Amino acid sequence: MDRTDPLMGKDGMERPGVGFTLWTIDGEFMHRYLAGFTGEEQKTILIQRRNMRTRILRRPGYHFVFPFHAGQKKIAYTKEMLEPYLPAYFHVHLESEFNQLEKWFGGVK
């Protein structure tokens with residue numbers, strides 16, 4: 001399973017997300033990001049990646065984009081369904097979604 005797997009969902013524009021973009025402290029990425037900021041993190045990173053040597057890390061931890069939102073292929077996730085993919089990064093916006101994950105897997109460590 002990689003970042004394009006339908007289990008992880010995509011954002012509203014059908015992109016797998018940039019949640020695992022990494023850069024070196026002394027590299028050019030942050031300078032280019034700040035100079036070219038569009039007002040949206042995702043769009044800015046996708047634009048900057050075109051002009052830089054990049055690599056998508058396929059398994060730094062699964063990246064679930066809005067896993068509990070309507071329209072995602074697996075909206076009715078259960079704790080048991082998610083456990084095989086841990087450790088994982090869950091992109092949530094609602095406090096109720098965060099509370100659900102905290103209830104299932106414990107607090108932030």
# chains A, B, ... in the order shown; residues from 1 in each chain; ligands from 1
$ residues_around --residues "Leu82 (chain A)" --least-positions-apart "3" --cutoff "12 Å" --atoms "only C-alpha atoms" --output "count of residues only"
22
$ residues_around --residues "region 23-36 of chain A" --least-positions-apart "3" --cutoff "12 Å" --atoms "only C-alpha atoms" --output "MDAnalysis selection string"
chainID A and resid 20 39:56
$ atom_distance --atom1 "CA of Phe66 (chain A)" --atom2 "CA of His93 (chain A)"
7.6 Å
$ atom_distance --atom1 "CA of Leu94 (chain A)" --atom2 "CA of His69 (chain A)"
9.8 Å
